[in-house]
file protein24.csv (CSV, C-alpha atoms and all ligand atoms)
chain,number,residue,atom,x,y,z
A,1,MET,CA,0.0,0.0,0.0
A,2,THR,CA,1.5,3.3,-1.0
A,3,GLU,CA,1.3,6.4,1.0
A,4,ARG,CA,3.0,8.5,-1.7
A,5,LYS,CA,1.4,11.6,-3.0
A,6,ILE,CA,2.9,13.2,-6.1
A,7,TYR,CA,1.3,16.4,-7.2
A,8,ILE,CA,2.1,17.0,-10.8
A,9,ASP,CA,-0.7,19.3,-11.8
A,10,TYR,CA,1.0,22.7,-11.3
A,11,ASN,CA,-0.7,24.2,-14.4
A,12,ALA,CA,-4.0,23.8,-12.6
A,13,THR,CA,-2.8,25.6,-9.5
A,14,THR,CA,0.2,25.8,-7.3
A,15,PRO,CA,0.7,25.6,-3.5
A,16,LEU,CA,1.8,28.7,-1.6
A,17,ARG,CA,5.6,29.0,-1.5
A,18,GLU,CA,6.9,29.1,2.1
A,19,GLU,CA,8.0,32.7,1.8
A,20,VAL,CA,4.6,33.7,0.6
A,21,LYS,CA,2.8,31.8,3.3
A,22,ALA,CA,5.1,33.3,6.0
A,23,ALA,CA,4.5,36.9,4.7
A,24,ILE,CA,0.8,36.3,4.6
A,25,ILE,CA,0.8,35.0,8.2
A,26,GLU,CA,2.9,37.8,9.4
A,27,ASP,CA,0.6,40.4,7.8
A,28,LEU,CA,-2.8,38.8,8.5
A,29,GLY,CA,-3.3,41.3,11.2
A,30,ILE,CA,-3.2,44.2,8.9
A,31,TYR,CA,-6.9,45.0,8.7
A,32,GLY,CA,-6.9,48.7,7.6
A,33,ASN,CA,-8.9,49.6,4.5
A,34,ALA,CA,-6.2,50.5,2.0
A,35,SER,CA,-8.3,53.5,0.9
A,36,SER,CA,-8.4,55.0,4.4
A,37,MET,CA,-6.3,58.1,5.2
A,38,HIS,CA,-5.3,57.1,8.8
A,39,ALA,CA,-2.3,55.1,9.8
A,40,SER,CA,-4.0,51.7,9.6
A,41,GLY,CA,-5.2,52.5,6.1
A,42,ARG,CA,-1.8,53.8,5.1
A,43,LEU,CA,-0.1,50.6,6.3
A,44,ALA,CA,-2.4,48.5,4.1
A,45,HIS,CA,-2.0,50.9,1.2
A,46,ALA,CA,1.8,50.7,1.4
A,47,ARG,CA,1.7,46.9,1.1
A,48,VAL,CA,-0.6,47.1,-1.9
A,49,GLU,CA,1.7,49.6,-3.7
A,50,GLU,CA,4.8,47.5,-3.0
A,51,ALA,CA,3.0,44.5,-4.6
A,52,ARG,CA,2.0,46.6,-7.5
A,53,GLN,CA,5.7,47.5,-8.1
A,54,ALA,CA,6.6,43.8,-7.9
A,55,VAL,CA,3.9,42.6,-10.3
A,56,GLY,CA,4.9,45.4,-12.7
A,57,ALA,CA,8.5,44.3,-12.5
A,58,LEU,CA,7.5,40.7,-13.2
A,59,LEU,CA,5.8,41.8,-16.4
A,60,GLY,CA,8.4,44.4,-17.5
A,61,ALA,CA,5.7,47.1,-17.0
A,62,PRO,CA,5.4,50.3,-15.0
A,63,ALA,CA,3.5,49.8,-11.7
A,64,ALA,CA,1.1,52.4,-12.8
A,65,GLY,CA,-0.2,50.1,-15.5
A,66,ILE,CA,-1.1,47.3,-13.1
A,67,ILE,CA,-4.7,46.8,-12.0
A,68,PHE,CA,-5.5,44.2,-9.4
A,69,THR,CA,-8.4,41.9,-10.1
A,70,SER,CA,-9.8,38.7,-8.7
A,71,GLY,CA,-7.8,36.6,-11.1
A,72,GLY,CA,-7.1,35.7,-14.7
A,73,SER,CA,-10.7,35.1,-15.6
A,74,GLU,CA,-11.7,38.6,-14.4
A,75,SER,CA,-8.7,40.2,-16.2
A,76,ASN,CA,-9.6,38.5,-19.5
A,77,ASN,CA,-13.3,39.4,-19.2
A,78,THR,CA,-12.4,43.0,-18.4
A,79,VAL,CA,-10.5,43.3,-21.7
A,80,PHE,CA,-13.3,41.9,-23.8
A,81,GLN,CA,-16.0,43.9,-22.1
A,82,THR,CA,-13.9,47.1,-22.5
A,83,MET,CA,-13.7,46.4,-26.3
A,84,ARG,CA,-17.4,45.8,-26.4
A,85,SER,CA,-17.9,49.3,-24.8
A,86,ILE,CA,-15.7,51.1,-27.3
A,87,ALA,CA,-16.7,49.1,-30.4
A,88,GLY,CA,-19.4,51.6,-31.5
A,89,ASP,CA,-17.2,54.7,-31.3
A,90,SER,CA,-14.1,53.2,-32.7
A,91,GLY,CA,-15.8,52.1,-36.0
A,92,ARG,CA,-14.2,48.7,-35.4
A,93,ASN,CA,-16.2,45.6,-34.5
A,94,GLU,CA,-14.1,42.5,-35.3
A,95,PHE,CA,-12.2,40.3,-32.8
A,96,ILE,CA,-9.5,37.8,-33.4
A,97,THR,CA,-8.5,35.1,-30.9
A,98,THR,CA,-7.5,31.5,-31.2
A,99,ALA,CA,-9.2,28.1,-30.9
A,100,ILE,CA,-7.0,27.0,-28.0
A,101,GLU,CA,-7.5,29.8,-25.5
A,102,HIS,CA,-8.5,29.2,-21.9
A,103,PRO,CA,-12.3,29.0,-21.5
A,104,CYS,CA,-12.5,32.5,-19.9
A,105,VAL,CA,-11.2,34.0,-23.2
A,106,LEU,CA,-13.1,31.5,-25.5
A,107,ASN,CA,-16.3,32.2,-23.7
A,108,SER,CA,-15.8,35.9,-23.5
A,109,ALA,CA,-15.3,35.9,-27.3
A,110,SER,CA,-18.2,33.6,-27.9
A,111,TYR,CA,-20.4,35.9,-25.9
A,112,LEU,CA,-19.5,38.8,-28.1
A,113,LYS,CA,-20.1,36.7,-31.2
A,114,LYS,CA,-23.6,35.9,-29.9
A,115,LEU,CA,-24.2,39.7,-29.5
A,116,GLY,CA,-23.4,40.0,-33.2
A,117,PHE,CA,-19.7,40.9,-33.4
A,118,LYS,CA,-17.5,39.1,-35.9
A,119,VAL,CA,-15.1,36.8,-34.0
A,120,THR,CA,-12.4,34.7,-35.7
A,121,PHE,CA,-11.1,31.7,-33.7
A,122,LEU,CA,-7.7,31.2,-35.4
A,123,PRO,CA,-6.8,27.6,-36.3
A,124,VAL,CA,-3.5,26.1,-35.1
A,125,ASP,CA,-1.1,23.6,-36.6
A,126,ASP,CA,-0.3,20.1,-35.3
A,127,TYR,CA,2.0,21.6,-32.7
A,128,GLY,CA,-0.5,24.2,-31.5
A,129,LYS,CA,1.1,27.2,-33.2
A,130,ILE,CA,-1.4,29.6,-34.7
A,131,LYS,CA,-1.6,29.6,-38.5
A,132,MET,CA,-0.1,32.9,-39.5
A,133,ASP,CA,-1.7,32.9,-42.9
A,134,ALA,CA,-5.1,32.6,-41.4
A,135,TYR,CA,-4.2,35.4,-38.9
A,136,LYS,CA,-3.0,37.7,-41.7
A,137,ALA,CA,-6.2,37.0,-43.7
A,138,ALA,CA,-8.4,37.7,-40.7
A,139,LEU,CA,-6.7,41.0,-39.8
A,140,SER,CA,-8.3,44.1,-41.3
A,141,ASP,CA,-9.0,47.8,-40.6
A,142,LYS,CA,-12.1,46.6,-38.8
A,143,THR,CA,-10.1,44.5,-36.3
A,144,LEU,CA,-10.7,45.9,-32.8
A,145,LEU,CA,-8.8,43.4,-30.6
A,146,VAL,CA,-6.4,40.6,-31.1
A,147,SER,CA,-6.2,38.3,-28.1
A,148,VAL,CA,-3.7,35.4,-28.2
A,149,MET,CA,-2.4,33.5,-25.2
A,150,MET,CA,1.4,33.4,-24.8
A,151,ALA,CA,1.6,29.8,-23.6
A,152,ASN,CA,-1.1,27.2,-23.6
A,153,ASN,CA,-2.1,25.6,-20.3
A,154,GLU,CA,-2.8,22.1,-21.7
A,155,ILE,CA,0.1,21.5,-24.1
A,156,GLY,CA,2.5,24.4,-23.2
A,157,THR,CA,3.0,25.6,-26.8
A,158,ILE,CA,4.4,29.2,-26.9
A,159,GLN,CA,3.2,31.7,-29.5
A,160,ASP,CA,5.3,34.5,-31.1
A,161,ILE,CA,3.4,37.3,-29.4
A,162,LYS,CA,5.9,39.9,-30.5
A,163,GLU,CA,5.2,39.2,-34.2
A,164,ILE,CA,1.5,38.8,-33.6
A,165,SER,CA,1.5,42.3,-32.0
A,166,ARG,CA,3.5,43.8,-34.8
A,167,LEU,CA,1.0,42.7,-37.4
A,168,ALA,CA,-2.0,43.8,-35.3
A,169,LYS,CA,-0.4,47.2,-34.8
A,170,GLU,CA,0.0,47.7,-38.5
A,171,LYS,CA,-3.8,47.5,-38.7
A,172,GLY,CA,-4.3,49.7,-35.6
A,173,ALA,CA,-5.8,47.0,-33.5
A,174,TRP,CA,-5.5,46.6,-29.7
A,175,VAL,CA,-3.5,43.6,-28.5
A,176,HIS,CA,-4.0,41.4,-25.5
A,177,SER,CA,-2.2,38.4,-24.3
A,178,ASP,CA,-3.1,35.9,-21.5
A,179,VAL,CA,0.3,35.3,-20.0
A,180,VAL,CA,-1.0,33.3,-17.0
A,181,GLN,CA,1.0,30.2,-17.8
A,182,ALA,CA,4.0,32.0,-19.2
A,183,VAL,CA,5.0,34.2,-16.2
A,184,GLY,CA,7.6,32.6,-14.0
A,185,LYS,CA,8.5,30.0,-16.6
A,186,ILE,CA,9.6,32.0,-19.6
A,187,PRO,CA,10.6,35.7,-19.9
A,188,VAL,CA,7.6,38.1,-20.3
A,189,ASN,CA,8.2,41.7,-21.0
A,190,ALA,CA,5.2,43.9,-21.9
A,191,VAL,CA,7.3,46.6,-23.7
A,192,ASP,CA,9.2,44.0,-25.7
A,193,LEU,CA,6.1,42.1,-26.7
A,194,GLY,CA,4.4,45.4,-27.8
A,195,VAL,CA,1.1,44.5,-26.3
A,196,ASP,CA,-1.6,46.8,-24.8
A,197,TYR,CA,-2.9,44.3,-22.2
A,198,LEU,CA,-1.5,41.3,-20.3
A,199,THR,CA,-3.4,39.0,-18.0
A,200,VAL,CA,-1.7,37.3,-15.0
A,201,SER,CA,-3.0,35.2,-12.2
A,202,CYS,CA,-1.4,34.8,-8.7
A,203,HIS,CA,-2.3,31.2,-7.9
A,204,LYS,CA,-0.4,29.8,-10.9
A,205,ILE,CA,2.9,31.3,-9.5
A,206,TYR,CA,2.7,30.0,-5.9
A,207,GLY,CA,0.6,32.7,-4.4
A,208,PRO,CA,-3.0,32.7,-3.1
A,209,LYS,CA,-6.1,32.1,-5.2
A,210,GLY,CA,-8.6,34.8,-6.0
A,211,ILE,CA,-6.2,37.5,-6.9
A,212,GLY,CA,-4.7,38.5,-10.3
A,213,ALA,CA,-3.8,41.5,-12.3
A,214,LEU,CA,-4.3,43.2,-15.7
A,215,TYR,CA,-1.6,45.2,-17.2
A,216,VAL,CA,-2.9,48.1,-19.3
A,217,LYS,CA,-0.6,50.2,-21.4
A,218,LYS,CA,-0.8,53.9,-21.0
A,219,GLY,CA,-3.3,55.2,-23.4
A,220,ALA,CA,-5.1,51.9,-24.0
A,221,PRO,CA,-8.8,52.0,-23.2
A,222,LEU,CA,-10.2,50.5,-20.0
A,223,PHE,CA,-13.7,50.3,-18.7
A,224,PRO,CA,-14.6,48.8,-15.3
A,225,LEU,CA,-16.2,45.4,-15.1
A,226,ILE,CA,-17.0,46.1,-11.4
A,227,HIS,CA,-18.5,49.5,-10.8
A,228,GLY,CA,-18.5,51.2,-7.4
A,229,GLY,CA,-15.8,53.0,-5.4
A,230,HIS,CA,-12.8,54.7,-6.7
A,231,GLN,CA,-10.3,51.9,-6.0
A,232,GLU,CA,-7.7,51.3,-8.8
A,233,ASP,CA,-8.4,54.8,-10.2
A,234,GLY,CA,-12.1,53.8,-10.6
A,235,PHE,CA,-11.2,51.0,-13.0
A,236,ARG,CA,-12.0,48.2,-10.5
A,237,ALA,CA,-14.2,48.8,-7.5
A,238,GLY,CA,-14.2,46.9,-4.3
A,239,THR,CA,-12.2,47.1,-1.0
A,240,TYR,CA,-8.7,46.0,-1.7
A,241,ASN,CA,-7.9,42.3,-1.0
A,242,ASN,CA,-4.7,43.5,0.7
A,243,ILE,CA,-3.8,40.0,2.0
A,244,GLY,CA,-4.1,38.5,-1.4
A,245,ILE,CA,-2.3,41.4,-3.0
A,246,LEU,CA,0.7,41.3,-0.6
A,247,GLY,CA,0.9,37.5,-1.2
A,248,PHE,CA,0.9,38.2,-4.9
A,249,GLY,CA,3.7,40.8,-4.5
A,250,ILE,CA,6.0,38.3,-2.7
A,251,ALA,CA,5.1,35.5,-5.3
A,252,ALA,CA,6.0,38.0,-8.1
A,253,VAL,CA,9.3,38.9,-6.6
A,254,LEU,CA,10.2,35.2,-6.2
A,255,ALA,CA,9.0,34.3,-9.7
A,256,ARG,CA,11.1,36.9,-11.2
A,257,ARG,CA,14.2,36.1,-9.1
A,258,ASP,CA,14.0,32.3,-9.8
A,259,LEU,CA,12.8,32.3,-13.4
A,260,ASP,CA,16.0,30.7,-14.8
A,261,LYS,CA,16.3,28.2,-12.0
A,262,TYR,CA,12.7,27.2,-12.3
A,263,ALA,CA,12.9,26.7,-16.1
A,264,ARG,CA,16.1,24.7,-15.8
A,265,GLN,CA,14.9,22.5,-13.0
A,266,THR,CA,11.5,21.7,-14.4
A,267,ARG,CA,12.8,21.2,-18.0
A,268,ALA,CA,15.4,18.6,-16.9
A,269,LEU,CA,12.8,16.6,-15.0
A,270,ARG,CA,10.1,17.0,-17.7
A,271,ASN,CA,12.5,15.7,-20.3
A,272,LYS,CA,13.4,12.8,-18.1
A,273,LEU,CA,9.7,12.0,-17.7
A,274,ARG,CA,9.0,12.3,-21.4
A,275,ASP,CA,12.0,10.1,-22.3
A,276,GLY,CA,11.1,7.5,-19.6
A,277,LEU,CA,7.5,7.2,-20.8
A,278,LEU,CA,8.6,7.0,-24.5
A,279,ALA,CA,11.0,4.2,-23.6
A,280,ARG,CA,8.6,2.2,-21.5
A,281,VAL,CA,5.2,2.7,-23.0
A,282,PRO,CA,4.8,1.6,-26.6
A,283,ASN,CA,2.9,3.7,-29.1
A,284,ILE,CA,2.4,7.0,-27.3
A,285,LYS,CA,2.4,10.5,-28.7
A,286,ILE,CA,3.6,13.8,-27.2
A,287,ASN,CA,1.4,16.8,-27.9
A,288,GLY,CA,2.6,20.3,-28.2
A,289,HIS,CA,5.6,22.0,-29.9
A,290,PRO,CA,8.9,20.2,-29.6
A,291,GLU,CA,10.9,23.4,-28.8
A,292,ASP,CA,8.6,26.3,-28.3
A,293,VAL,CA,7.0,24.8,-25.2
A,294,LEU,CA,6.8,25.6,-21.5
A,295,PRO,CA,9.6,23.9,-19.7
A,296,ASN,CA,7.3,22.3,-17.1
A,297,THR,CA,4.6,20.9,-19.3
A,298,LEU,CA,4.2,17.4,-20.8
A,299,ASN,CA,1.0,16.3,-22.6
A,300,VAL,CA,0.9,12.7,-23.6
A,301,SER,CA,-1.7,10.7,-25.6
A,302,PHE,CA,-2.0,7.0,-24.7
A,303,PRO,CA,-3.9,5.3,-27.6
A,304,ARG,CA,-6.4,2.6,-26.5
A,305,ALA,CA,-6.5,3.8,-23.0
A,306,GLU,CA,-9.2,6.2,-21.6
A,307,GLY,CA,-8.1,9.4,-19.8
A,308,GLU,CA,-10.4,9.3,-16.8
A,309,ALA,CA,-9.5,5.6,-16.2
A,310,ILE,CA,-5.8,6.5,-16.4
A,311,LEU,CA,-6.3,9.4,-13.9
A,312,LEU,CA,-8.2,7.2,-11.5
A,313,SER,CA,-5.5,4.5,-11.6
A,314,MET,CA,-2.8,7.0,-11.2
A,315,ASP,CA,-4.7,8.6,-8.3
A,316,ILE,CA,-4.8,5.2,-6.5
A,317,LYS,CA,-1.0,5.3,-6.8
A,318,GLY,CA,-0.9,8.8,-5.4
A,319,ILE,CA,-0.1,10.5,-8.7
A,320,GLU,CA,-2.1,13.6,-9.3
A,321,ALA,CA,-2.2,14.8,-12.9
A,322,SER,CA,-5.0,15.8,-15.2
A,323,THR,CA,-6.7,15.3,-18.5
A,324,GLY,CA,-6.3,18.5,-20.4
A,325,SER,CA,-7.4,21.3,-18.2
A,326,ALA,CA,-8.9,21.3,-14.7
A,327,CYS,CA,-11.9,23.1,-16.1
A,328,ALA,CA,-12.7,20.2,-18.5
A,329,SER,CA,-12.7,17.4,-15.9
A,330,GLY,CA,-16.1,16.0,-15.3
A,331,SER,CA,-17.0,16.8,-18.8
A,332,LEU,CA,-17.2,14.1,-21.5
A,333,GLU,CA,-16.2,16.6,-24.1
A,334,PRO,CA,-12.7,15.9,-25.5
A,335,SER,CA,-10.2,18.8,-24.9
A,336,HIS,CA,-10.9,21.7,-27.3
A,337,VAL,CA,-7.1,22.3,-27.4
A,338,LEU,CA,-6.3,18.7,-28.6
A,339,MET,CA,-9.2,18.8,-31.1
A,340,ALA,CA,-7.9,22.0,-32.5
A,341,LEU,CA,-4.5,20.3,-33.0
A,342,GLY,CA,-6.3,17.7,-35.1
A,343,VAL,CA,-5.9,14.9,-32.5
A,344,ASP,CA,-8.9,12.6,-33.1
A,345,ALA,CA,-11.6,12.5,-30.4
A,346,GLU,CA,-10.7,9.0,-29.1
A,347,LEU,CA,-7.1,9.9,-28.7
A,348,ALA,CA,-7.9,13.2,-27.1
A,349,HIS,CA,-9.8,11.3,-24.5
A,350,GLY,CA,-6.7,9.2,-23.7
A,351,SER,CA,-4.5,12.2,-23.1
A,352,ILE,CA,-2.9,13.2,-19.8
A,353,ARG,CA,-1.2,16.5,-18.8
A,354,PHE,CA,1.7,16.3,-16.4
A,355,SER,CA,2.8,19.8,-15.2
A,356,LEU,CA,5.8,20.0,-13.0
A,357,GLY,CA,6.7,22.5,-10.3
A,358,TRP,CA,9.0,23.3,-7.4
A,359,GLY,CA,7.8,20.3,-5.5
A,360,THR,CA,8.6,17.8,-8.3
A,361,SER,CA,11.6,15.7,-7.4
A,362,ASP,CA,13.8,13.3,-9.3
A,363,GLU,CA,12.4,10.4,-7.2
A,364,ASP,CA,8.9,11.5,-8.2
A,365,ILE,CA,9.7,11.1,-11.8
A,366,ASP,CA,11.3,7.7,-11.2
A,367,TYR,CA,8.1,6.7,-9.5
A,368,ILE,CA,5.8,7.9,-12.3
A,369,ILE,CA,8.0,6.1,-14.9
A,370,GLU,CA,7.7,3.0,-12.8
A,371,GLU,CA,4.0,3.1,-12.1
A,372,VAL,CA,2.4,4.4,-15.3
A,373,PRO,CA,3.5,1.7,-17.8
A,374,PRO,CA,1.7,-1.1,-16.0
A,375,ILE,CA,-1.4,1.1,-15.7
A,376,ILE,CA,-1.5,1.7,-19.4
A,377,ALA,CA,-0.8,-2.0,-20.2
A,378,ARG,CA,-3.7,-3.1,-18.0
A,379,LEU,CA,-6.2,-0.6,-19.4
A,380,ARG,CA,-5.2,-1.4,-23.0
A,381,ALA,CA,-5.7,-5.1,-22.3
A,382,MET,CA,-9.2,-4.4,-21.0
A,383,SER,CA,-10.0,-1.9,-23.8
A,384,THR,CA,-12.6,-2.5,-26.4
A,385,LEU,CA,-11.0,0.3,-28.5
A,386,THR,CA,-9.1,-1.0,-31.4
B,1,LIG,C1,-5.7,29.4,-14.8
B,1,LIG,C2,-5.8,30.2,-16.1
B,1,LIG,C3,-6.7,31.3,-16.2
B,1,LIG,C4,-7.7,31.6,-15.1
B,1,LIG,O1,-7.1,32.3,-14.0
B,1,LIG,P1,-7.9,32.3,-12.7
B,1,LIG,O2,-7.1,33.2,-11.8
B,1,LIG,O3,-8.0,30.9,-12.2
B,1,LIG,O4,-9.2,32.9,-13.0
B,1,LIG,C5,-6.6,32.0,-17.4
B,1,LIG,N1,-5.8,31.6,-18.4
B,1,LIG,C6,-5.0,30.6,-18.3
B,1,LIG,C7,-4.1,30.3,-19.5
B,1,LIG,C8,-4.9,29.8,-17.2
B,1,LIG,O5,-4.1,28.8,-17.1
call {"tool": "encode", "arguments": {"input": "protein24.csv", "output": "C-alpha cells"}}
result
Amino acid sequence: MTERKIYIDYNATTPLREEVKAAIIEDLGIYGNASSMHASGRLAHARVEEARQAVGALLGAPAAGIIFTSGGSESNNTVFQTMRSIAGDSGRNEFITTAIEHPCVLNSASYLKKLGFKVTFLPVDDYGKIKMDAYKAALSDKTLLVSVMMANNEIGTIQDIKEISRLAKEKGAWVHSDVVQAVGKIPVNAVDLGVDYLTVSCHKIYGPKGIGALYVKKGAPLFPLIHGGHQEDGFRAGTYNNIGILGFGIAAVLARRDLDKYARQTRALRNKLRDGLLARVPNIKINGHPEDVLPNTLNVSFPRAEGEAILLSMDIKGIEASTGSACASGSLEPSHVLMALGVDAELAHGSIRFSLGWGTSDEDIDYIIEEVPPIIARLRAMSTLT
C-alpha cells in the first residue's frame, strides 16, 4: 500500500511558497482599508503599492499600469468587455482570438459573437502554433482586438506574441495576451512584446487564489467590469484584497528572481519523464511544440486507454495529474485544445497532462515512470477500443 502523493498538476494551480505563506501569516493582522487616510489604512496601502511594483517588474511594465483583479478570468473578461464598450465609437467591431484559449477567453469571445460581433477563432497547426496565414487573412481595418495567449495551459505551446502584436499594430488593433501560464516559466516583457494588455493570475505562481492582475498600457482604453468605489483609479471597484495582494507581491518577486532556475529544474525533470515514458510505454504520442513549449509541461496521448481511467488508476498510486485542463474534468467533451491540434476525439480522451513545479523531485519522476506503464498496459488489455 503506497502512501505516496505526487502532485504533478501545477498548471491547474500551485501551493503557496513558504516565503509567501510566511509573509501572509505575518501580515494577516493588517486590517486597515487601503483607501483610508489614517495610519491603519496607510499601512495596508503601502503593502498594496509594494505589490504593484513587484507585479509590474515581473511583467516588465510600469507599476502604474497594473490593476489588481480577482484573477485571470476577471482580467480577461475586463478586456473583452472594454472592447465591447468602445466598439461603437471606434468604428471597429471585429475580434481575433484562437481556438486554443483558456475557457475564460473563449467564452468571452463567444459571448461577443452571440451579440453580433465578428469573431475569428484562429486555427492552429499540429503543434498548437497559430496559422499565421489565417491570422493575416483575418486582420483588417475593422479589427478591434487581437487576443492570443502566450503559452497554452494544456500543451505548453508558446506563440510568437511579438510578431502577432507587430502585425496587429500595422492595422491599428488593440493587442491582449493571456500570460497566466508563461510568467515565472519564460521571460515576459510587456514593452518588448508590444502589447496593450496582459493577464496574469497569482495562484499559478505559488501565491494565493482569488487574486490576479491586468496590465494596461498607458493610453489603452479600459472600462470597469465592477462599478463602485474609486479603487484602482475607478477601474476596479471593491475594497482591496490586501492580504491576497501582498501575497501576490511576494510571489511575483520570487517568480522573477527564480525564473531561470525554475525553467532549468522543471525542464530537466520534464525531459526525463518524457523520455522515460517514451522508452517504457509503446505507441504513445507527445502533444505540443517540440521546442517552443513551456519547460514544465508534458501532454501525452495514450492510444487505446481512456483518460479518466488513467487518472483514477494514477490517483490510487498517489499520482495527481489531469486530463487536459482542470476546467474540462467531469465533462465528457474531449479537450478543445487537442481537437484544434487535429488529434482525433478518441485519442484526445486518452491524453494526460503532467505539469511539473517546485515540489517535483527526481524520485517523483522515477516513481511515475515505474507506475504508469503497467497502468496503461492493464487498461489497454481491457480496452474495447481497437
Ligand atoms: C488558470 C488560467 C486562467 C484563469 O485564471 P484564474 O485566476 O483561475 O481565474 C486563465 N488563463 C490561463 C491560461 C490559465 O491557465
call {"tool": "atom_distance", "arguments": {"input": "protein24.csv", "atom1": "CA of Ser322 in chain A", "atom2": "CA of Pro103 in chain A"}}
result
16.3 Å
call {"tool": "closest_residue", "arguments": {"input": "protein24.csv", "among": "A:Asn242, A:Ser301, A:Ser355, A:Asn76", "to": "ligand LIG 1 (chain B)", "atoms": "all atoms listed in the file"}}
result
A:Asn76
call {"tool": "residues_near_ligand", "arguments": {"input": "protein24.csv", "ligand": "ligand LIG 1 (chain B)", "cutoff": "7 Å", "atoms": "only C-alpha atoms and all ligand atoms", "output": "ChimeraX atom specification"}}
result
/A:11-12,70-74,101-102,104,149,152-153,178-181,201-204,209-212
call {"tool": "write_last_selection", "arguments": {"input": "protein24.csv", "atoms": "C-alpha atoms", "output": "JSON list (two decimals), in the frame of the given file"}}
result
[["chain", "number", "residue", "atom", "x", "y", "z"],
["A", 11, "ASN", "CA", -0.70, 24.20, -14.40],
["A", 12, "ALA", "CA", -4.00, 23.80, -12.60],
["A", 70, "SER", "CA", -9.80, 38.70, -8.70],
["A", 71, "GLY", "CA", -7.80, 36.60, -11.10],
["A", 72, "GLY", "CA", -7.10, 35.70, -14.70],
["A", 73, "SER", "CA", -10.70, 35.10, -15.60],
["A", 74, "GLU", "CA", -11.70, 38.60, -14.40],
["A", 101, "GLU", "CA", -7.50, 29.80, -25.50],
["A", 102, "HIS", "CA", -8.50, 29.20, -21.90],
["A", 104, "CYS", "CA", -12.50, 32.50, -19.90],
["A", 149, "MET", "CA", -2.40, 33.50, -25.20],
["A", 152, "ASN", "CA", -1.10, 27.20, -23.60],
["A", 153, "ASN", "CA", -2.10, 25.60, -20.30],
["A", 178, "ASP", "CA", -3.10, 35.90, -21.50],
["A", 179, "VAL", "CA", 0.30, 35.30, -20.00],
["A", 180, "VAL", "CA", -1.00, 33.30, -17.00],
["A", 181, "GLN", "CA", 1.00, 30.20, -17.80],
["A", 201, "SER", "CA", -3.00, 35.20, -12.20],
["A", 202, "CYS", "CA", -1.40, 34.80, -8.70],
["A", 203, "HIS", "CA", -2.30, 31.20, -7.90],
["A", 204, "LYS", "CA", -0.40, 29.80, -10.90],
["A", 209, "LYS", "CA", -6.10, 32.10, -5.20],
["A", 210, "GLY", "CA", -8.60, 34.80, -6.00],
["A", 211, "ILE", "CA", -6.20, 37.50, -6.90],
["A", 212, "GLY", "CA", -4.70, 38.50, -10.30]]
call {"tool": "atom_distance", "arguments": {"input": "protein24.csv", "atom1": "CA of Glu18 in chain A", "atom2": "CA of Gly156 in chain A"}}
result
26.1 Å
call {"tool": "residues_around", "arguments": {"input": "protein24.csv", "residues": "range 230-241 of chain A", "least_positions_apart": "4", "cutoff": "10 Å", "atoms": "only C-alpha atoms", "output": "PyMOL selection string"}}
result
chain A and resi 32-35+44-45+48+64+66-70+78+210-211+222-226+245-246
call {"tool": "closest_residue", "arguments": {"input": "protein24.csv", "among": "A:Ile369, A:Ala381, A:Ile319, A:Val146", "to": "Asp9 in chain A", "atoms": "only C-alpha atoms"}}
result
A:Ile319
call {"tool": "residues_around", "arguments": {"input": "protein24.csv", "residues": "Glu26 in chain A", "least_positions_apart": "5", "cutoff": "12 Å", "atoms": "only C-alpha atoms", "output": "list in words"}}
result
Glu19, Val20, Lys21, Ile243, Leu246 and Gly247 of chain A
call {"tool": "write_last_selection", "arguments": {"input": "protein24.csv", "atoms": "C-alpha atoms", "output": "PDB file, in the coordinates of the input"}}
result
ATOM      1  CA  GLU A  19       8.000  32.700   1.800  1.00  0.00           C
ATOM      2  CA  VAL A  20       4.600  33.700   0.600  1.00  0.00           C
ATOM      3  CA  LYS A  21       2.800  31.800   3.300  1.00  0.00           C
ATOM      4  CA  ILE A 243      -3.800  40.000   2.000  1.00  0.00           C
ATOM      5  CA  LEU A 246       0.700  41.300  -0.600  1.00  0.00           C
ATOM      6  CA  GLY A 247       0.900  37.500  -1.200  1.00  0.00           C
TER       7      GLY A 247
END
call {"tool": "atom_distance", "arguments": {"input": "protein24.csv", "atom1": "CA of Arg84 in chain A", "atom2": "CA of Trp174 in chain A"}}
result
12.4 Å
call {"tool": "residues_around", "arguments": {"input": "protein24.csv", "residues": "Tyr7 in chain A", "least_positions_apart": "2", "cutoff": "8 Å", "atoms": "all atoms listed in the file", "output": "list in words"}}
result
Lys5, Asp9, Tyr10, Ile319, Glu320, Ala321, Gly359 and Thr360 of chain A
call {"tool": "residues_around", "arguments": {"input": "protein24.csv", "residues": "Gly219 in chain A", "least_positions_apart": "3", "cutoff": "10 Å", "atoms": "only C-alpha atoms", "output": "PDB file with C-alpha atoms, keeping the file's coordinate frame"}}
result
ATOM      1  CA  GLY A  65      -0.200  50.100 -15.500  1.00  0.00           C
ATOM      2  CA  ASP A 196      -1.600  46.800 -24.800  1.00  0.00           C
ATOM      3  CA  VAL A 216      -2.900  48.100 -19.300  1.00  0.00           C
ATOM      4  CA  LEU A 222     -10.200  50.500 -20.000  1.00  0.00           C
TER       5      LEU A 222
END
call {"tool": "closest_residue", "arguments": {"input": "protein24.csv", "among": "A:Asn299, A:Gly29, A:Asp364, A:Ala151", "to": "Gly318 in chain A", "atoms": "only C-alpha atoms"}}
result
A:Asp364
call {"tool": "residues_around", "arguments": {"input": "protein24.csv", "residues": "range 258-263 of chain A", "least_positions_apart": "4", "cutoff": "8 Å", "atoms": "all atoms listed in the file", "output": "VMD selection string"}}
result
chain A and resid 184 to 187 254 267 295 to 296 357 to 358
call {"tool": "closest_atom_pairs", "arguments": {"input": "protein24.csv", "of": "range 87-116 of chain A", "to": "range 128-137 of chain A", "cutoff": "12 Å", "atoms": "only C-alpha atoms", "output": "tab-separated table"}}
result
residue	atom	partner	partner_atom	distance
A:Phe95	CA	A:Tyr135	CA	11.2
A:Ile96	CA	A:Tyr135	CA	8.0
A:Thr97	CA	A:Tyr135	CA	9.1
A:Thr98	CA	A:Ile130	CA	7.3
A:Ala99	CA	A:Ile130	CA	8.8
A:Ile100	CA	A:Gly128	CA	7.9
A:Glu101	CA	A:Gly128	CA	10.8
call {"tool": "closest_residue", "arguments": {"input": "protein24.csv", "among": "A:Leu112, A:Leu198, A:Leu58, A:Leu278", "to": "Phe248 in chain A", "atoms": "all atoms listed in the file"}}
result
A:Leu58
call {"tool": "closest_residue", "arguments": {"input": "protein24.csv", "among": "A:Asn271, A:Leu347, A:Leu28, A:Arg52", "to": "Leu214 in chain A", "atoms": "only C-alpha atoms"}}
result
A:Arg52
